[in-house]
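**Student:** Okay, so here is protein_35.cif, and as you'll see once you scroll down, it has mmCIF, C-alpha atoms.
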data_protein
#
loop_
_atom_site.label_atom_id
_atom_site.label_comp_id
_atom_site.auth_asym_id
_atom_site.auth_seq_id
_atom_site.Cartn_x
_atom_site.Cartn_y
_atom_site.Cartn_z
CA MET A 92 117.03 22.26 -188.41
CA ILE A 93 116.42 23.99 -185.10
CA LYS A 94 115.42 21.68 -182.28
CA GLY A 95 111.82 22.06 -181.24
CA LEU A 96 110.71 23.13 -184.72
CA LEU A 97 107.19 21.83 -184.26
CA ALA A 98 106.71 23.83 -181.10
CA SER A 99 108.22 26.88 -182.75
CA LEU A 100 105.88 26.62 -185.70
CA ALA A 101 102.88 26.15 -183.44
CA GLY A 102 103.77 29.23 -181.43
CA LEU A 103 104.46 31.08 -184.63
CA PHE A 104 101.02 30.46 -186.08
CA GLY A 105 99.15 31.15 -182.87
CA ALA A 106 101.07 34.30 -181.95
CA GLY A 107 100.17 37.90 -182.45
CA ARG A 108 96.37 37.70 -182.35
CA GLY A 109 94.63 40.51 -180.54
CA THR A 110 97.76 42.58 -179.99
CA ALA A 111 97.82 46.33 -180.52
CA GLN A 112 99.52 47.65 -183.62
CA THR A 113 102.66 49.67 -183.04
CA SER A 114 103.04 53.06 -184.67
CA VAL A 115 106.63 52.30 -185.66
CA PRO A 116 106.69 51.07 -189.25
CA LYS A 117 108.35 47.73 -189.84
CA ILE A 118 110.96 47.80 -192.58
CA ILE A 119 110.91 44.65 -194.67
CA VAL A 120 113.63 43.99 -197.22
CA PRO A 121 112.05 41.67 -199.79
CA ARG A 122 113.99 38.64 -200.94
CA ILE A 123 113.94 38.50 -204.70
CA THR A 124 113.82 35.00 -206.14
CA THR A 125 113.04 34.38 -209.78
CA LEU A 126 111.08 31.39 -210.98
CA SER A 127 113.08 28.64 -212.62
CA SER A 128 112.54 27.24 -216.10
CA ASP A 129 110.69 24.34 -214.43
CA HIS A 130 107.81 26.77 -213.84
CA ALA A 131 106.99 27.05 -217.54
CA ARG A 132 107.67 23.36 -218.14
CA VAL A 133 105.25 22.18 -215.45
CA LYS A 134 102.58 24.70 -216.42
CA ALA A 135 102.73 23.28 -219.94
CA MET A 136 102.00 19.75 -218.66
CA PRO A 137 98.31 18.77 -219.12
CA GLY A 138 96.24 19.37 -216.01
CA TYR A 139 98.98 21.21 -214.08
CA ARG A 140 98.73 24.88 -213.20
CA ILE A 141 100.35 27.30 -210.78
CA GLU A 142 98.64 30.20 -209.00
CA ALA A 143 100.20 33.10 -207.12
CA VAL A 144 98.34 34.47 -204.10
CA GLU A 145 99.11 36.50 -200.99
CA GLY A 146 100.35 34.21 -198.24
CA ALA A 147 97.65 35.48 -195.88
CA ARG A 148 95.01 34.29 -198.37
CA ALA A 149 96.65 31.02 -199.32
CA LEU A 150 94.44 28.75 -197.22
CA ALA A 151 91.26 30.50 -198.33
CA ARG A 152 92.30 30.19 -201.96
CA TRP A 153 93.21 26.54 -201.41
CA GLU A 154 89.69 25.91 -200.13
CA GLU A 155 88.20 27.63 -203.19
CA LEU A 156 90.33 25.56 -205.56
CA ARG A 157 89.58 22.37 -203.63
CA ALA A 158 85.85 23.04 -203.88
CA GLY A 159 86.17 23.78 -207.59
CA GLY A 160 87.09 20.17 -208.28
CA GLU A 161 89.42 20.88 -211.22
CA GLY A 162 92.49 19.05 -210.00
CA TYR A 163 93.93 18.94 -206.51
CA PRO A 164 95.72 22.02 -205.04
CA VAL A 165 98.65 22.12 -202.62
CA ILE A 166 100.10 25.25 -201.03
CA VAL A 167 103.82 25.31 -201.80
CA GLY A 168 105.28 28.53 -200.37
CA ASP A 169 107.43 31.24 -201.91
CA ALA A 170 109.28 31.16 -205.24
CA GLU A 171 112.27 29.40 -203.72
CA ALA A 172 110.04 26.66 -202.33
CA LEU A 173 108.20 26.36 -205.64
CA ASN A 174 111.46 26.06 -207.59
CA ALA A 175 112.68 23.31 -205.26
CA LEU A 176 109.43 21.37 -205.56
CA LEU A 177 109.19 21.67 -209.32
CA GLU A 178 112.69 20.23 -209.70
CA GLN A 179 111.18 16.97 -208.42
CA VAL A 180 108.32 16.98 -210.92
CA GLY A 181 109.43 14.95 -213.92
CA ASP A 182 108.05 15.04 -217.44
CA HIS A 183 105.25 12.73 -216.43
CA ASP A 184 103.15 10.60 -218.72
CA SER A 185 100.17 8.52 -217.64
CA PRO A 186 102.02 5.18 -217.31
CA ASP A 187 104.50 6.67 -214.81
CA ILE A 188 101.76 8.01 -212.57
CA ALA A 189 99.58 4.95 -213.01
CA ASP A 190 102.49 2.71 -212.03
CA THR A 191 103.12 4.63 -208.80
CA LEU A 192 99.41 4.63 -207.95
CA ALA A 193 99.24 0.89 -208.63
CA LYS A 194 102.20 0.25 -206.32
CA ALA A 195 100.47 2.29 -203.59
CA ALA A 196 97.15 0.48 -204.08
CA ALA A 197 98.91 -2.85 -203.56
CA LEU A 198 100.41 -1.72 -200.25
CA ASP A 199 98.98 -2.62 -196.87
CA TRP A 200 99.76 0.41 -194.73
CA SER A 201 100.36 -1.56 -191.53
CA GLN A 202 102.88 -3.77 -193.30
CA ALA A 203 104.45 -0.81 -195.08
CA LEU A 204 104.77 1.06 -191.78
CA ASN A 205 106.55 -1.90 -190.21
CA GLU A 206 108.98 -1.94 -193.15
CA LEU A 207 109.54 1.81 -192.69
CA LYS A 208 110.25 1.23 -189.02
CA CYS A 209 112.86 -1.42 -189.83
CA ARG A 210 114.41 0.83 -192.51
CA THR A 211 114.65 3.74 -190.08
CA ARG A 212 116.33 1.61 -187.42
CA GLU A 213 118.82 0.27 -189.98
CA ALA A 214 119.65 3.78 -191.22
CA LEU A 215 120.13 5.07 -187.68
CA ALA A 216 122.39 2.14 -186.85
CA GLU A 217 124.51 2.86 -189.94
CA PHE A 218 124.77 6.56 -189.13
CA SER A 219 125.67 5.79 -185.54
CA ALA A 220 128.31 3.24 -186.58
CA SER A 221 129.87 5.71 -189.01
CA GLY A 222 130.02 8.42 -186.35
CA GLU A 223 127.80 10.77 -188.37
CA ILE A 224 125.31 10.93 -185.50
CA GLU A 225 125.22 9.91 -181.87
CA ASP A 226 123.12 6.92 -180.93
CA ALA A 227 119.43 7.70 -181.60
CA PRO A 228 117.41 5.71 -179.08
CA GLU A 229 113.76 4.75 -179.29
CA PRO A 230 111.71 7.83 -178.40
CA GLU A 231 110.40 8.03 -174.86
CA VAL A 232 106.73 8.69 -174.15
CA GLY A 233 107.60 11.68 -171.99
CA LEU A 234 105.24 13.89 -170.03
CA TRP A 235 101.79 14.88 -171.21
CA PRO A 236 101.82 18.71 -171.44
CA ALA A 237 99.19 20.74 -169.64
CA ARG A 238 98.94 23.08 -172.64
CA PRO A 239 100.23 21.47 -175.81
CA ASP A 240 101.77 23.61 -178.54
CA VAL A 241 99.53 23.42 -181.59
CA ALA A 242 99.35 24.88 -185.07
CA SER A 243 96.14 26.46 -186.32
CA MET A 244 97.03 26.68 -190.00
CA PRO A 245 99.45 25.18 -192.55
CA SER A 246 103.13 26.10 -192.36
CA THR A 247 103.85 26.43 -196.07
CA PRO A 248 102.39 29.97 -196.59
CA PHE A 249 104.67 31.34 -193.85
CA ASN A 250 108.31 32.26 -193.50
CA VAL A 251 109.41 30.04 -190.60
CA LEU A 252 112.17 32.44 -189.56
CA THR A 253 110.03 35.59 -189.38
CA GLY A 254 106.55 34.18 -188.83
CA ALA A 255 105.16 36.46 -191.52
CA PRO A 256 103.08 35.18 -194.42
CA TYR A 257 104.80 35.37 -197.78
CA ASP A 258 103.94 38.40 -199.87
CA VAL A 259 103.62 36.01 -202.80
CA CYS A 260 102.75 32.39 -202.15
CA TYR A 261 102.30 29.74 -204.82
CA ILE A 262 99.70 27.00 -205.12
CA LEU A 263 100.34 24.05 -207.41
CA VAL A 264 97.31 22.27 -208.86
CA VAL A 265 97.83 18.76 -210.21
CA PRO A 266 95.40 16.52 -212.14
CA ALA A 267 94.65 14.26 -209.17
CA ARG A 268 91.24 13.35 -207.76
CA HIS A 269 92.37 12.88 -204.18
CA GLY A 270 95.02 14.48 -202.01
CA TRP A 271 96.68 11.18 -201.25
CA GLU A 272 97.45 10.79 -204.97
CA VAL A 273 99.46 14.01 -205.20
CA PRO A 274 102.88 12.42 -204.42
CA ALA A 275 102.50 10.35 -207.61
CA TYR A 276 101.94 13.50 -209.67
CA THR A 277 104.90 15.33 -208.11
CA SER A 278 107.38 12.42 -207.77
CA TRP A 279 107.53 13.40 -204.10
CA GLY A 280 109.90 11.47 -201.86
CA ALA A 281 112.63 8.84 -202.21
CA TRP A 282 115.49 11.06 -201.01
CA ASN A 283 117.56 10.68 -197.84
CA GLU A 284 115.22 9.06 -195.28
CA CYS A 285 112.06 10.39 -196.93
CA PRO A 286 109.91 7.44 -198.13
CA PRO A 287 109.16 6.92 -201.84
CA PRO A 288 105.94 8.32 -203.37
CA GLU A 289 103.92 5.11 -203.07
CA LEU A 290 104.46 5.00 -199.30
CA HIS A 291 103.32 8.61 -198.90
CA ILE A 292 100.22 7.73 -200.91
CA ALA A 293 99.47 4.71 -198.73
CA ALA A 294 99.97 6.76 -195.56
CA LEU A 295 97.79 9.68 -196.67
CA ARG A 296 95.07 7.31 -197.90
CA SER A 297 95.02 5.43 -194.58
CA TRP A 298 94.86 8.67 -192.57
CA HIS A 299 92.09 9.99 -194.81
CA GLU A 300 90.04 6.88 -194.11
CA ARG A 301 90.67 6.99 -190.35
CA TYR A 302 90.89 10.72 -189.61
CA GLY A 303 89.54 12.54 -192.66
CA ALA A 304 93.08 13.75 -193.41
CA GLU A 305 93.60 15.97 -196.45
CA LEU A 306 96.91 17.14 -197.87
CA VAL A 307 96.95 20.97 -197.86
CA GLY A 308 100.60 22.01 -198.12
CA MET A 309 103.58 20.47 -199.91
CA SER A 310 107.00 22.04 -200.31
CA ALA A 311 110.20 20.24 -201.29
CA ASP A 312 110.55 18.69 -197.81
CA VAL A 313 107.38 19.52 -195.84
CA LEU A 314 103.82 18.15 -195.80
CA ASP A 315 100.92 19.98 -194.12
CA VAL A 316 97.84 17.85 -193.45
CA ARG A 317 94.43 18.87 -192.07
CA VAL A 318 92.11 16.37 -190.41
CA THR A 319 88.38 16.34 -189.68
CA ARG A 320 88.52 13.75 -186.88
CA ARG A 321 90.88 13.80 -183.91
CA PRO A 322 92.00 10.87 -181.75
CA ALA A 323 89.35 10.06 -179.16
CA SER A 324 91.68 9.11 -176.30
CA ARG A 325 95.24 9.57 -175.08
CA GLU A 326 95.94 5.95 -175.91
CA GLU A 327 94.83 6.44 -179.52
CA ALA A 328 96.75 9.72 -179.76
CA LEU A 329 99.95 8.09 -178.48
CA ALA A 330 99.56 5.22 -180.94
CA LEU A 331 99.12 7.77 -183.73
CA ALA A 332 102.18 9.72 -182.58
CA ARG A 333 104.22 6.52 -182.65
CA GLU A 334 102.91 5.78 -186.14
CA HIS A 335 103.91 9.26 -187.29
CA PHE A 336 107.36 8.84 -185.75
CA ASP A 337 107.92 5.64 -187.70
CA TYR A 338 106.80 7.49 -190.83
CA CYS A 339 108.77 10.67 -190.15
CA PRO A 340 111.31 10.42 -187.28
CA ASP A 341 112.45 14.04 -187.64
CA ILE A 342 109.21 15.39 -186.15
CA VAL A 343 110.28 13.80 -182.87
CA TYR A 344 114.09 13.65 -183.06
CA GLN A 345 114.33 17.27 -184.21
CA GLY A 346 110.95 18.42 -182.93
CA THR A 347 109.00 17.37 -179.84
CA GLU A 348 111.78 15.03 -178.57
CA THR A 349 109.24 12.69 -176.93
CA LEU A 350 105.91 11.24 -178.07
CA ALA A 351 103.51 12.70 -175.50
CA PRO A 352 103.71 16.35 -176.65
CA LEU A 353 103.05 15.23 -180.22
CA ALA A 354 100.11 13.05 -179.15
CA ALA A 355 98.66 15.85 -177.03
CA SER A 356 98.72 18.23 -179.99
CA TYR A 357 96.71 15.75 -182.06
CA MET A 358 93.87 15.84 -179.53
CA VAL A 359 93.43 19.62 -179.76
CA SER A 360 94.52 20.52 -183.30
CA ASP A 361 93.31 19.69 -186.80
CA TRP A 362 96.79 20.14 -188.30
CA TRP A 363 99.60 17.64 -188.73
CA TYR A 364 103.07 18.62 -189.89
CA PHE A 365 105.80 16.40 -191.39
CA TRP A 366 109.35 17.36 -192.28
CA TRP A 367 112.34 15.38 -193.56
CA ASP A 368 115.94 16.60 -193.34
#
Now, as a test, write the supplied structure out as structure tokens.
**Tutor:**
Amino acid sequence: MIKGLLASLAGLFGAGRGTAQTSVPKIIVPRITTLSSDHARVKAMPGYRIEAVEGARALARWEELRAGGEGYPVIVGDAEALNALLEQVGDHDSPDIADTLAKAAALDWSQALNELKCRTREALAEFSASGEIEDAPEPEVGLWPARPDVASMPSTPFNVLTGAPYDVCYILVVPARHGWEVPAYTSWGAWNECPPPELHIAALRSWHERYGAELVGMSADVLDVRVTRRPASREEALALAREHFDYCPDIVYQGTETLAPLAASYMVSDWWYFWWD
């Protein structure tokens, strides 16, 4: 992944407003991706459905579906992103989902976060010892930016390389009551250094209670979260950035590089972004 991805995404979403339209037509060669057989399988599962919408309207449609109260929607992205996500969705029955939700309910997030921190340090030490990566030190606080890079919308409806919204964007609706429950219904996580579903549930539930966080976008390796309350001070924002690093080191190691730019963005933006390699 390109270094500084968070900053790139933020600039991507905030760019282009108020600029004059050029008279030279832009030639776009569409990428044709067919839906996999998982599409029909998941649609046939009780309470699951998939909607196609223009990428530019994805957030508005998400809000309509969220207000409708018939399941919980997540913006996935294009057909390729949908196929990759649906591969993770097993042939669920109620006991499987209930078991994951029960595991999450029994978790204390502070304790779980400390375990994640230890697991991350152990993994980094193993990678470093094997020569797969150079030594990954503890992240520095860094300098507080005068103008932090921020996102103003979810990343999943957009092509990260071009910055354009997808012509066709998919929204997956699952039979969950709350956004923090969605990882149980999609078997999301438990690959590479990405935590298992119950830890994502515990994290999202804790952030919902503290910051009004709601899951909006979910692809195979990305989570987009929108909050209703921002950190009230730099100290709180830095503590939150450190918490997010322990949960998802890639947003710092392959993104902001230090904690201060991440913390600064949390004080001026309602969007959080997580990505696992």
**Student:** Counting only C-alpha atoms, what is within 12 Å of Leu156 (chain A), bar same-chain residues fewer than 2 positions away, as an MDAnalysis selection string?
**Tutor:** chainID A and resid 140:142 149:154 158:166 262:265 307
**Student:** Return as a PyMOL selection string the set of residues that the PyMOL selection byres ((chain A and resi 284) around 10) yields on the displayed structure.
**Tutor:** chain A and resi 207+210-211+214-215+280-283+285-287+338-341+367-368
**Student:** For the point (107.3, 15.1, -178.0) in file coordinates, what residues are within 10 Å, counting all atoms listed in the file? Give the answer as an mmCIF file with C-alpha atoms, in the coordinates of the input?
**Tutor:**
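Result saved to point-v9.cif:
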data_model
loop_
_atom_site.group_PDB
_atom_site.id
_atom_site.type_symbol
_atom_site.label_atom_id
_atom_site.label_comp_id
_atom_site.auth_asym_id
_atom_site.auth_seq_id
_atom_site.Cartn_x
_atom_site.Cartn_y
_atom_site.Cartn_z
ATOM 1 C CA GLY A 95 111.820 22.060 -181.240
ATOM 2 C CA LEU A 97 107.190 21.830 -184.260
ATOM 3 C CA ALA A 98 106.710 23.830 -181.100
ATOM 4 C CA PRO A 230 111.710 7.830 -178.400
ATOM 5 C CA GLU A 231 110.400 8.030 -174.860
ATOM 6 C CA VAL A 232 106.730 8.690 -174.150
ATOM 7 C CA GLY A 233 107.600 11.680 -171.990
ATOM 8 C CA LEU A 234 105.240 13.890 -170.030
ATOM 9 C CA TRP A 235 101.790 14.880 -171.210
ATOM 10 C CA PRO A 236 101.820 18.710 -171.440
ATOM 11 C CA PRO A 239 100.230 21.470 -175.810
ATOM 12 C CA ALA A 332 102.180 9.720 -182.580
ATOM 13 C CA PHE A 336 107.360 8.840 -185.750
ATOM 14 C CA ILE A 342 109.210 15.390 -186.150
ATOM 15 C CA VAL A 343 110.280 13.800 -182.870
ATOM 16 C CA TYR A 344 114.090 13.650 -183.060
ATOM 17 C CA GLN A 345 114.330 17.270 -184.210
ATOM 18 C CA GLY A 346 110.950 18.420 -182.930
ATOM 19 C CA THR A 347 109.000 17.370 -179.840
ATOM 20 C CA GLU A 348 111.780 15.030 -178.570
ATOM 21 C CA THR A 349 109.240 12.690 -176.930
ATOM 22 C CA LEU A 350 105.910 11.240 -178.070
ATOM 23 C CA ALA A 351 103.510 12.700 -175.500
ATOM 24 C CA PRO A 352 103.710 16.350 -176.650
ATOM 25 C CA LEU A 353 103.050 15.230 -180.220
ATOM 26 C CA ALA A 354 100.110 13.050 -179.150
ATOM 27 C CA ALA A 355 98.660 15.850 -177.030
ATOM 28 C CA SER A 356 98.720 18.230 -179.990
#
**Student:** Figure out the distance between CA of Val313 (chain A) and CA of Arg301 (chain A), please, to one decimal in Å.
**Tutor:**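 Separation between CA of Arg301 (chain A) and CA of Val313 (chain A): 21.6 Å.
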**Student:** Suppose you want the space between CA of Pro248 (chain A) and CA of Gly146 (chain A); what is it in Å?
**Tutor:**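 Taking CA of Pro248 (chain A) as the start and CA of Gly146 (chain A) as the end point, the length is 5.0 Å.
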**Student:** In Å, with one decimal, what is the gap from CA of Met244 (chain A) to CA of Trp362 (chain A)?
**Tutor:**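 Taking CA of Met244 (chain A) as the start and CA of Trp362 (chain A) as the end point, the length is 6.8 Å.
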**Student:** How would you write, as JSON, numbers by chain, the residues chosen by the PyMOL selection byres ((chain A and resi 271) around 6) on this structure?
**Tutor:** {"A": [269, 270, 272, 273, 292, 295, 296]}
**Student:** Ranking A:Ala131, A:Ala216, A:Ala294, A:Leu314 by minimum distance to Leu331 (chain A) and counting all atoms listed in the file, which one comes first?
**Tutor:** A:Ala294
**Student:** Going by the chain IDs and residue numbers used in this file, which residues fall under the PyMOL selection byres ((chain A and resi 315-320) around 8)? Write them as a list in words.
**Tutor:**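 When the PyMOL selection byres ((chain A and resi 315-320) around 8) is applied to the shown file, the picked residues are Pro245, Ser246, Thr247, His299, Arg301, Tyr302, Gly303, Ala304, Glu305, Leu306, Val307, Gly308, Met309, Val313, Leu314, Arg321, Pro322, Asp361, Trp362, Trp363, Tyr364 and Phe365 of chain A.
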**Student:** Would you save the residues of that selection, restricted to C-alpha atoms, as a PDB file, in the coordinates of the input?
**Tutor:**
ATOM      1  CA  PRO A 245      99.450  25.180-192.550  1.00  0.00           C
ATOM      2  CA  SER A 246     103.130  26.100-192.360  1.00  0.00           C
ATOM      3  CA  THR A 247     103.850  26.430-196.070  1.00  0.00           C
ATOM      4  CA  HIS A 299      92.090   9.990-194.810  1.00  0.00           C
ATOM      5  CA  ARG A 301      90.670   6.990-190.350  1.00  0.00           C
ATOM      6  CA  TYR A 302      90.890  10.720-189.610  1.00  0.00           C
ATOM      7  CA  GLY A 303      89.540  12.540-192.660  1.00  0.00           C
ATOM      8  CA  ALA A 304      93.080  13.750-193.410  1.00  0.00           C
ATOM      9  CA  GLU A 305      93.600  15.970-196.450  1.00  0.00           C
ATOM     10  CA  LEU A 306      96.910  17.140-197.870  1.00  0.00           C
ATOM     11  CA  VAL A 307      96.950  20.970-197.860  1.00  0.00           C
ATOM     12  CA  GLY A 308     100.600  22.010-198.120  1.00  0.00           C
ATOM     13  CA  MET A 309     103.580  20.470-199.910  1.00  0.00           C
ATOM     14  CA  VAL A 313     107.380  19.520-195.840  1.00  0.00           C
ATOM     15  CA  LEU A 314     103.820  18.150-195.800  1.00  0.00           C
ATOM     16  CA  ARG A 321      90.880  13.800-183.910  1.00  0.00           C
ATOM     17  CA  PRO A 322      92.000  10.870-181.750  1.00  0.00           C
ATOM     18  CA  ASP A 361      93.310  19.690-186.800  1.00  0.00           C
ATOM     19  CA  TRP A 362      96.790  20.140-188.300  1.00  0.00           C
ATOM     20  CA  TRP A 363      99.600  17.640-188.730  1.00  0.00           C
ATOM     21  CA  TYR A 364     103.070  18.620-189.890  1.00  0.00           C
ATOM     22  CA  PHE A 365     105.800  16.400-191.390  1.00  0.00           C
TER      23      PHE A 365
END
**Student:** From the set A:Ala293, A:Cys260, A:Cys209, A:Ala195, which residue has the shortest atom-to-atom contact distance to Glu145 (chain A), counting only C-alpha atoms?
**Tutor:** A:Cys260
**Student:** Excluding same-chain residues fewer than 5 positions from Ala323 (chain A), what lies within 10 Å of it counting all atoms listed in the file, as a list in words?
**Tutor:**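 With the cut-off at 10 Å, the set is Ala328, Tyr357 and Met358 of chain A.
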